[in-house]
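Here is the structure we will look at, set down as structure tokens.
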Amino acid sequence: MSGLLPRNRALHPPALTPEYRSTRLRAPLRPLVALPSTLSEETGPVFGHGMLEPNDSDLIVNFTGTPALGERVIVHGQVRDEDARAIPGALIEIWQANAGGRYRHKNDSYLAPLDPNFGGAGRTLTDDQGRYRFLTVRPGAYPWPNGGNNWRPMHIHFSLFGAGFGQRLITQMYFEGDPLIALCPIAQTVPEGGVDRLVARLDMDTAIPMDALAYRFDIVLRGRDQTMFENCKEGL
Amino acid sequence: MTERLPESPSQTAGPYVHIGLVPNLLGISGLYPHDFGASPIKNGAMGEKIRIVGNVLDGDGTLIRDALLETWQADAGGRYPGTEGADPNVTGWARRITDLKTGAWQLDTIKPGAVPGPDGASMAPHVSVFLVARGINTGLQTRIYFADEARANAACPILSKADRPDTLIARQTAPGAYRFDIRLQGPDETTFFDI
């Protein structure tokens, strides 16, 4: 096992972002205790293809078998670490609203109807080049309670595992050209325009004529220290 | 020197995290036959069976009912799953939610052993936690230690770095039963790590 690179917290949203109202009572207010990684962060659960069903990555048919309503889109990309090395076998789980902006969740009571054929989740493992691909429908934008006229941009939630539990990342993917990104208090929690790295690009080379548009979304997970051996002696 | 890439920024898991990660727990059947992380152990896992229960509380002391916790731990011998000699009946990883009505979470597992730590030191038995919810922008890392491991806790090179170590120690309520509450703010705010 090699050590994990310290996280550059300046790339991530601060815990307290008052414009996103829910953080006000849920953001830890004391500083994080920063330490070099240990075996507990450098190891992690392993997932295999035997744990997946063939249609898990096709959200259009993985709920009932009958195609879901909405604009058909391929979402694909590559998962790499901070040293640009592909991460094979990474579990990616996604969830999203349907084409009308409604989640299949008992706490979502938005006016838009459920689609009886859309569950709203998918999962896959990256291949030996770190690549992944989902087929889904473009999620709708929707309003949410944040003290004003707030709308979430079209987005897909992404959950990722690297090889170590300390590489765990949950984030959101947005769609190129969506004017709501700049207005969203959640998207704008990311400092200094970094939200741009969460915006998937329209990818006409991958789009399938008369079938589906495509968006490309590459993801970078926390890396591993290549000079662990030297650093170890000066560590903790 | 190879190209260096910035880590992708985190975003909140939001209030609907259950759809993606534990749909069956939410009552959505039809997506997956089983949720991942239903249990960190299989039949035959060696070690003491334990149950950890708790709540997650916000700055007003209100129970958070939309949190998801992932836990990762070693086997009873202190070996992580996937490493040499590890107990094949310990998968080590679990997903738990705070109940949508009661706000309680519960983990049934085996007590982990002490794990090798930095510089040949030993880390006291612990369960690592990754916590997400609406209003949490970046998943929070913390650890559950055990009150009945006072000597090991005192010598743990990680626990000793925590400014409020008491917030990381699960209280023993009965043999094999522990309580661990996570407080996001306030005088007893849980210690969270960047590790």
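By order of appearance in the structure tokens: chains A, B, ..., then residues from 1 within every chain, and ligands from 1 in the order shown.
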Per residue of chain A within 6 Å of chain B, note the shortest atom pair and the distance in Å to one decimal, counting only C-alpha atoms, and order the rows by chain and increasing residue number, as a tab-separated table.
```
residue	atom	partner	partner_atom	distance
A:Leu11	CA	B:Pro9	CA	5.9
A:His12	CA	B:Pro9	CA	4.8
A:Ala15	CA	B:Asn137	CA	5.8
A:Ser22	CA	B:Gly135	CA	4.4
A:Thr23	CA	B:Gly135	CA	4.2
A:Leu25	CA	B:Gly59	CA	4.7
A:Arg26	CA	B:Asp58	CA	5.3
A:Pro28	CA	B:Leu184	CA	5.0
A:Leu32	CA	B:Phe193	CA	5.0
A:Val33	CA	B:Phe193	CA	4.5
A:Ala34	CA	B:Asp194	CA	4.4
A:Leu35	CA	B:Ile195	CA	4.9
A:Pro36	CA	B:Ile195	CA	5.6
A:Ser37	CA	B:Ile195	CA	5.0
A:Phe63	CA	B:Leu31	CA	5.2
A:Glu82	CA	B:Leu5	CA	4.6
A:Asp83	CA	B:Arg4	CA	5.0
A:Ile94	CA	B:Gly20	CA	5.7
A:Trp95	CA	B:Gly20	CA	4.6
A:Ala121	CA	B:Gly20	CA	5.1
A:Ile170	CA	B:Ser10	CA	5.9
A:Thr171	CA	B:Gln11	CA	4.2
A:Gln172	CA	B:Gln11	CA	5.8
A:Ile219	CA	B:Ser8	CA	5.9
A:Val220	CA	B:Glu7	CA	4.8
A:Leu221	CA	B:Glu7	CA	5.3
A:Arg222	CA	B:Glu7	CA	5.7
```
*asked:* List the spatial neighbours of Leu4 in chain A as a ChimeraX atom specification - criterion: any atom at most 8 Å away, only C-alpha atoms, same-chain residues fewer than 3 positions off excluded.
replied: /A:36-37,41-42,166-167,222-225
Restricted to all heavy atoms, what would the selected residues look like written as an mmCIF file, in the first residue's frame?
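Result written to result30.cif:
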```
data_model
loop_
_atom_site.group_PDB
_atom_site.id
_atom_site.type_symbol
_atom_site.label_atom_id
_atom_site.label_comp_id
_atom_site.auth_asym_id
_atom_site.auth_seq_id
_atom_site.Cartn_x
_atom_site.Cartn_y
_atom_site.Cartn_z
ATOM 1 N N PRO A 36 -1.392 12.406 7.705
ATOM 2 C CA PRO A 36 -1.076 11.518 6.571
ATOM 3 C C PRO A 36 -1.961 10.280 6.602
ATOM 4 O O PRO A 36 -2.388 9.831 7.663
ATOM 5 C CB PRO A 36 0.389 11.141 6.815
ATOM 6 C CG PRO A 36 0.922 12.186 7.740
ATOM 7 C CD PRO A 36 -0.240 12.609 8.597
ATOM 8 N N SER A 37 -2.235 9.722 5.440
ATOM 9 C CA SER A 37 -3.107 8.552 5.363
ATOM 10 C C SER A 37 -2.484 7.358 6.066
ATOM 11 O O SER A 37 -1.266 7.274 6.236
ATOM 12 C CB SER A 37 -3.393 8.202 3.903
ATOM 13 O OG SER A 37 -2.205 7.788 3.252
ATOM 14 N N GLU A 41 -7.191 4.241 5.343
ATOM 15 C CA GLU A 41 -7.630 5.017 4.184
ATOM 16 C C GLU A 41 -7.062 4.454 2.891
ATOM 17 O O GLU A 41 -7.604 4.698 1.815
ATOM 18 C CB GLU A 41 -7.190 6.479 4.318
ATOM 19 C CG GLU A 41 -7.862 7.218 5.455
ATOM 20 C CD GLU A 41 -7.302 6.840 6.826
ATOM 21 O OE1 GLU A 41 -6.080 6.608 6.920
ATOM 22 O OE2 GLU A 41 -8.089 6.733 7.790
ATOM 23 N N GLU A 42 -5.942 3.727 2.995
ATOM 24 C CA GLU A 42 -5.265 3.236 1.789
ATOM 25 C C GLU A 42 -5.875 1.934 1.273
ATOM 26 O O GLU A 42 -5.647 1.544 0.137
ATOM 27 C CB GLU A 42 -3.767 3.064 2.092
ATOM 28 C CG GLU A 42 -3.087 4.413 2.349
ATOM 29 C CD GLU A 42 -1.868 4.331 3.248
ATOM 30 O OE1 GLU A 42 -1.364 3.208 3.467
ATOM 31 O OE2 GLU A 42 -1.427 5.393 3.748
ATOM 32 N N GLY A 166 -10.054 6.277 1.460
ATOM 33 C CA GLY A 166 -9.748 7.703 1.545
ATOM 34 C C GLY A 166 -9.858 8.432 0.214
ATOM 35 O O GLY A 166 -9.703 9.657 0.163
ATOM 36 N N GLN A 167 -10.072 7.696 -0.874
ATOM 37 C CA GLN A 167 -10.258 8.328 -2.188
ATOM 38 C C GLN A 167 -11.730 8.570 -2.509
ATOM 39 O O GLN A 167 -12.049 9.095 -3.577
ATOM 40 C CB GLN A 167 -9.658 7.446 -3.293
ATOM 41 C CG GLN A 167 -8.154 7.329 -3.256
ATOM 42 C CD GLN A 167 -7.663 6.287 -4.246
ATOM 43 O OE1 GLN A 167 -7.790 5.081 -4.019
ATOM 44 N NE2 GLN A 167 -7.121 6.743 -5.363
ATOM 45 N N ARG A 222 -8.430 11.451 -5.929
ATOM 46 C CA ARG A 222 -7.226 11.655 -5.121
ATOM 47 C C ARG A 222 -6.172 10.604 -5.474
ATOM 48 O O ARG A 222 -6.494 9.422 -5.642
ATOM 49 C CB ARG A 222 -7.642 11.517 -3.659
ATOM 50 C CG ARG A 222 -6.592 11.816 -2.654
ATOM 51 C CD ARG A 222 -7.187 11.609 -1.270
ATOM 52 N NE ARG A 222 -6.181 11.794 -0.251
ATOM 53 C CZ ARG A 222 -6.353 11.523 1.028
ATOM 54 N NH1 ARG A 222 -7.519 11.076 1.452
ATOM 55 N NH2 ARG A 222 -5.389 11.715 1.893
ATOM 56 N N GLY A 223 -4.916 11.041 -5.560
ATOM 57 C CA GLY A 223 -3.860 10.146 -6.021
ATOM 58 C C GLY A 223 -3.076 9.488 -4.905
ATOM 59 O O GLY A 223 -3.344 9.680 -3.721
ATOM 60 N N ARG A 224 -2.120 8.675 -5.336
ATOM 61 C CA ARG A 224 -1.259 7.968 -4.384
ATOM 62 C C ARG A 224 0.148 8.524 -4.451
ATOM 63 O O ARG A 224 0.636 8.876 -5.516
ATOM 64 C CB ARG A 224 -1.232 6.469 -4.711
ATOM 65 C CG ARG A 224 -2.549 5.826 -4.353
ATOM 66 C CD ARG A 224 -2.518 4.326 -4.565
ATOM 67 N NE ARG A 224 -3.749 3.756 -4.036
ATOM 68 C CZ ARG A 224 -3.885 3.295 -2.787
ATOM 69 N NH1 ARG A 224 -2.858 3.309 -1.969
ATOM 70 N NH2 ARG A 224 -5.026 2.811 -2.380
ATOM 71 N N ASP A 225 0.773 8.591 -3.310
ATOM 72 C CA ASP A 225 2.102 9.173 -3.211
ATOM 73 C C ASP A 225 3.139 8.213 -3.785
ATOM 74 O O ASP A 225 3.291 7.100 -3.306
ATOM 75 C CB ASP A 225 2.400 9.454 -1.736
ATOM 76 C CG ASP A 225 3.635 10.308 -1.568
ATOM 77 O OD1 ASP A 225 4.380 10.467 -2.540
ATOM 78 O OD2 ASP A 225 3.829 10.813 -0.457
#
```
request  = Check the smallest atom-to-atom distance from each of A:Pro13, A:Gly48, A:Pro209, A:Gly89 to Arg72 in chain A using only C-alpha atoms, then report the winner.
outcome  =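 Answer, going by the shortest atom-to-atom distance: A:Pro209.
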10 Å contact set for Thr206 in chain A, only C-alpha atoms, chain neighbours under 3 positions out, as an mmCIF file with N, CA, C and O atoms, in the first residue's frame:
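Output (out_27.cif):
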```
data_model
loop_
_atom_site.group_PDB
_atom_site.id
_atom_site.type_symbol
_atom_site.label_atom_id
_atom_site.label_comp_id
_atom_site.auth_asym_id
_atom_site.auth_seq_id
_atom_site.Cartn_x
_atom_site.Cartn_y
_atom_site.Cartn_z
ATOM 1 N N ILE A 74 -25.918 9.582 -23.962
ATOM 2 C CA ILE A 74 -24.798 8.776 -23.466
ATOM 3 C C ILE A 74 -23.964 9.685 -22.575
ATOM 4 O O ILE A 74 -23.667 10.824 -22.957
ATOM 5 N N VAL A 75 -23.621 9.222 -21.385
ATOM 6 C CA VAL A 75 -22.687 9.954 -20.524
ATOM 7 C C VAL A 75 -21.482 9.048 -20.336
ATOM 8 O O VAL A 75 -21.624 7.907 -19.875
ATOM 9 N N HIS A 76 -20.325 9.521 -20.747
ATOM 10 C CA HIS A 76 -19.144 8.653 -20.681
ATOM 11 C C HIS A 76 -17.919 9.475 -20.333
ATOM 12 O O HIS A 76 -17.951 10.708 -20.356
ATOM 13 N N LEU A 202 -20.544 18.490 -24.561
ATOM 14 C CA LEU A 202 -21.227 17.837 -25.678
ATOM 15 C C LEU A 202 -20.186 17.148 -26.548
ATOM 16 O O LEU A 202 -19.163 17.734 -26.879
ATOM 17 N N ASP A 203 -20.425 15.886 -26.902
ATOM 18 C CA ASP A 203 -19.427 15.076 -27.597
ATOM 19 C C ASP A 203 -20.071 14.455 -28.834
ATOM 20 O O ASP A 203 -20.574 13.327 -28.795
ATOM 21 N N PRO A 209 -25.975 8.786 -34.414
ATOM 22 C CA PRO A 209 -26.988 9.395 -35.266
ATOM 23 C C PRO A 209 -28.335 8.677 -35.141
ATOM 24 O O PRO A 209 -28.392 7.446 -35.068
ATOM 25 N N ALA A 212 -28.875 8.756 -29.955
ATOM 26 C CA ALA A 212 -28.589 9.393 -28.667
ATOM 27 C C ALA A 212 -27.510 10.458 -28.815
ATOM 28 O O ALA A 212 -26.512 10.238 -29.514
ATOM 29 N N LEU A 213 -27.681 11.571 -28.107
ATOM 30 C CA LEU A 213 -26.610 12.551 -27.951
ATOM 31 C C LEU A 213 -25.589 12.001 -26.963
ATOM 32 O O LEU A 213 -25.863 11.021 -26.264
ATOM 33 N N ALA A 214 -24.427 12.650 -26.877
ATOM 34 C CA ALA A 214 -23.422 12.175 -25.929
ATOM 35 C C ALA A 214 -22.766 13.349 -25.216
ATOM 36 O O ALA A 214 -22.584 14.431 -25.787
ATOM 37 N N TYR A 215 -22.424 13.117 -23.951
ATOM 38 C CA TYR A 215 -21.675 14.077 -23.148
ATOM 39 C C TYR A 215 -20.482 13.364 -22.537
ATOM 40 O O TYR A 215 -20.589 12.205 -22.133
ATOM 41 N N ARG A 216 -19.354 14.085 -22.470
ATOM 42 C CA ARG A 216 -18.150 13.502 -21.897
ATOM 43 C C ARG A 216 -17.846 14.148 -20.554
ATOM 44 O O ARG A 216 -17.793 15.370 -20.444
#
```
Requested in this report: Can you pull out every residue within 9 Å of Phe118 in chain A, counting only C-alpha atoms, but drop anything in the same chain fewer than 5 positions away, and send it as JSON, numbers by chain?
Outcome: {"A": [59, 60, 61, 62, 63, 64, 66, 67, 68, 69, 98, 104]}
Write a file of the selected residues as an mmCIF file, in the first residue's frame, keeping N, CA and C atoms.
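Wrote part_32.cif, looks like this:
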```cif
data_model
loop_
_atom_site.group_PDB
_atom_site.id
_atom_site.type_symbol
_atom_site.label_atom_id
_atom_site.label_comp_id
_atom_site.auth_asym_id
_atom_site.auth_seq_id
_atom_site.Cartn_x
_atom_site.Cartn_y
_atom_site.Cartn_z
ATOM 1 N N LEU A 59 -29.922 3.333 -17.842
ATOM 2 C CA LEU A 59 -31.033 3.837 -17.021
ATOM 3 C C LEU A 59 -32.330 3.939 -17.817
ATOM 4 N N ILE A 60 -32.218 3.859 -19.147
ATOM 5 C CA ILE A 60 -33.428 3.938 -19.968
ATOM 6 C C ILE A 60 -34.271 2.670 -19.819
ATOM 7 N N VAL A 61 -33.625 1.543 -19.629
ATOM 8 C CA VAL A 61 -34.393 0.293 -19.526
ATOM 9 C C VAL A 61 -34.211 -0.462 -18.205
ATOM 10 N N ASN A 62 -33.358 0.028 -17.293
ATOM 11 C CA ASN A 62 -33.025 -0.827 -16.136
ATOM 12 C C ASN A 62 -34.092 -0.871 -15.044
ATOM 13 N N PHE A 63 -35.206 -0.165 -15.249
ATOM 14 C CA PHE A 63 -36.230 -0.199 -14.193
ATOM 15 C C PHE A 63 -37.341 -1.189 -14.515
ATOM 16 N N THR A 64 -37.951 -1.026 -15.698
ATOM 17 C CA THR A 64 -39.041 -1.959 -16.051
ATOM 18 C C THR A 64 -38.781 -2.712 -17.352
ATOM 19 N N THR A 66 -39.227 -1.301 -20.205
ATOM 20 C CA THR A 66 -39.847 -0.399 -21.179
ATOM 21 C C THR A 66 -39.086 0.926 -21.146
ATOM 22 N N PRO A 67 -38.752 1.492 -22.319
ATOM 23 C CA PRO A 67 -37.901 2.687 -22.322
ATOM 24 C C PRO A 67 -38.521 3.866 -21.569
ATOM 25 N N ALA A 68 -37.662 4.584 -20.824
ATOM 26 C CA ALA A 68 -38.079 5.779 -20.106
ATOM 27 C C ALA A 68 -38.289 6.927 -21.082
ATOM 28 N N LEU A 69 -39.109 7.912 -20.665
ATOM 29 C CA LEU A 69 -39.345 9.117 -21.470
ATOM 30 C C LEU A 69 -38.180 10.089 -21.319
ATOM 31 N N ASN A 98 -35.917 12.479 -13.235
ATOM 32 C CA ASN A 98 -36.358 12.065 -14.565
ATOM 33 C C ASN A 98 -36.393 13.278 -15.501
ATOM 34 N N ARG A 104 -37.533 9.779 -8.050
ATOM 35 C CA ARG A 104 -38.307 8.677 -7.472
ATOM 36 C C ARG A 104 -37.896 8.538 -6.007
#
```
Please list as a VMD selection string every residue within 12 Å of Lys42 in chain B, counting only C-alpha atoms and excluding residues in the same chain fewer than 4 positions away.
chain B and resid 37 to 38 46 to 47 49 75 87 to 94 108 to 110
Write a file of the just-selected residues containing N, CA, C and O atoms, as a compact mmCIF listing (two decimals), in the first residue's frame.
```txt
# COMPACT_ATOMS: atom_id res chain seq x y z
N GLY B 37 -23.30 -3.13 0.19
CA GLY B 37 -22.97 -2.71 1.55
C GLY B 37 -24.03 -3.06 2.58
O GLY B 37 -24.08 -2.45 3.64
N ALA B 38 -24.86 -4.07 2.28
CA ALA B 38 -25.92 -4.42 3.22
C ALA B 38 -25.35 -4.90 4.56
O ALA B 38 -25.95 -4.69 5.61
N MET B 46 -15.15 -14.26 12.11
CA MET B 46 -14.56 -14.48 13.44
C MET B 46 -14.60 -13.18 14.25
O MET B 46 -14.54 -12.10 13.69
N GLY B 47 -14.69 -13.35 15.56
CA GLY B 47 -14.63 -12.18 16.43
C GLY B 47 -15.92 -11.94 17.18
O GLY B 47 -16.91 -12.66 17.01
N LYS B 49 -19.30 -10.36 18.06
CA LYS B 49 -20.41 -9.67 17.38
C LYS B 49 -20.78 -8.41 18.18
O LYS B 49 -20.99 -8.49 19.39
N ASP B 75 -10.74 -6.87 10.08
CA ASP B 75 -11.31 -8.05 10.73
C ASP B 75 -10.85 -8.13 12.19
O ASP B 75 -10.15 -7.23 12.68
N ASP B 87 -9.72 -12.39 7.15
CA ASP B 87 -10.87 -13.28 7.31
C ASP B 87 -11.76 -13.17 6.06
O ASP B 87 -12.30 -12.09 5.78
N PRO B 88 -11.94 -14.26 5.31
CA PRO B 88 -12.74 -14.18 4.08
C PRO B 88 -14.21 -13.86 4.34
O PRO B 88 -14.94 -13.51 3.41
N ASN B 89 -14.65 -13.98 5.57
CA ASN B 89 -16.04 -13.68 5.89
C ASN B 89 -16.26 -12.25 6.40
O ASN B 89 -17.34 -11.92 6.88
N VAL B 90 -15.23 -11.46 6.29
CA VAL B 90 -15.38 -10.03 6.62
C VAL B 90 -15.17 -9.23 5.34
O VAL B 90 -14.08 -9.25 4.77
N THR B 91 -16.24 -8.57 4.87
CA THR B 91 -16.09 -7.69 3.71
C THR B 91 -15.67 -6.29 4.16
O THR B 91 -15.11 -5.53 3.39
N GLY B 92 -15.98 -5.97 5.42
CA GLY B 92 -15.43 -4.76 6.02
C GLY B 92 -16.17 -3.47 5.75
O GLY B 92 -15.97 -2.49 6.46
N TRP B 93 -17.01 -3.47 4.71
CA TRP B 93 -17.61 -2.21 4.27
C TRP B 93 -19.13 -2.30 4.36
O TRP B 93 -19.71 -3.34 4.02
N ALA B 94 -19.75 -1.24 4.83
CA ALA B 94 -21.21 -1.23 4.94
C ALA B 94 -21.75 0.16 4.63
O ALA B 94 -21.06 1.16 4.77
N ASP B 108 -24.51 -3.62 12.57
CA ASP B 108 -24.21 -4.91 13.16
C ASP B 108 -22.96 -5.45 12.50
O ASP B 108 -22.93 -5.65 11.28
N THR B 109 -21.93 -5.73 13.30
CA THR B 109 -20.65 -6.13 12.72
C THR B 109 -19.88 -6.96 13.74
O THR B 109 -20.45 -7.46 14.70
N ILE B 110 -18.58 -7.13 13.49
CA ILE B 110 -17.70 -7.73 14.50
C ILE B 110 -16.72 -6.65 14.92
O ILE B 110 -16.44 -5.72 14.17
```
Closest of B:Pro125, B:Gly113, B:Pro175, B:Pro187 to Gly77 in chain B - atom-to-atom distances counting only C-alpha atoms
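The closest residue to Gly77 in chain B is B:Gly113.
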Nearest to Thr43 in chain A, restricted to only C-alpha atoms and choosing among A:Ala163, A:Ala207, A:Cys184, A:Ala90, comes out as A:Ala163
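Nearest residue to Asn24 in chain B, choosing from B:Leu63, B:Ala155, B:Ile97, B:Ala147 and counting only C-alpha atoms: B:Ile97.
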Pick from A:His49, A:Gln226, A:Gly147, A:Ala99 nearest to Arg85 in chain A, counting only C-alpha atoms:
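Under the stated criterion, the closest residue is A:Gln226.
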Separation of CA of Asp35 in chain B and CA of Arg123 in chain A, in Å?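 Distance between the two atoms: 11.3 Å.
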- prompt: If you run DSSP on the backbone, which residues of range 32-91 of chain A are alpha helix (DSSP H), as a PyMOL selection string?
  reply: chain A and resi 39-42
Write the residues of the selection above to a file with C-alpha atoms, as a compact mmCIF listing (two decimals), in the first residue's frame.
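See part-v5.txt below for the written result:
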```txt
# COMPACT_ATOMS: atom_id res chain seq x y z
CA LEU A 39 -3.84 1.65 6.20
CA SER A 40 -7.44 2.52 7.08
CA GLU A 41 -7.63 5.02 4.18
CA GLU A 42 -5.26 3.24 1.79
```
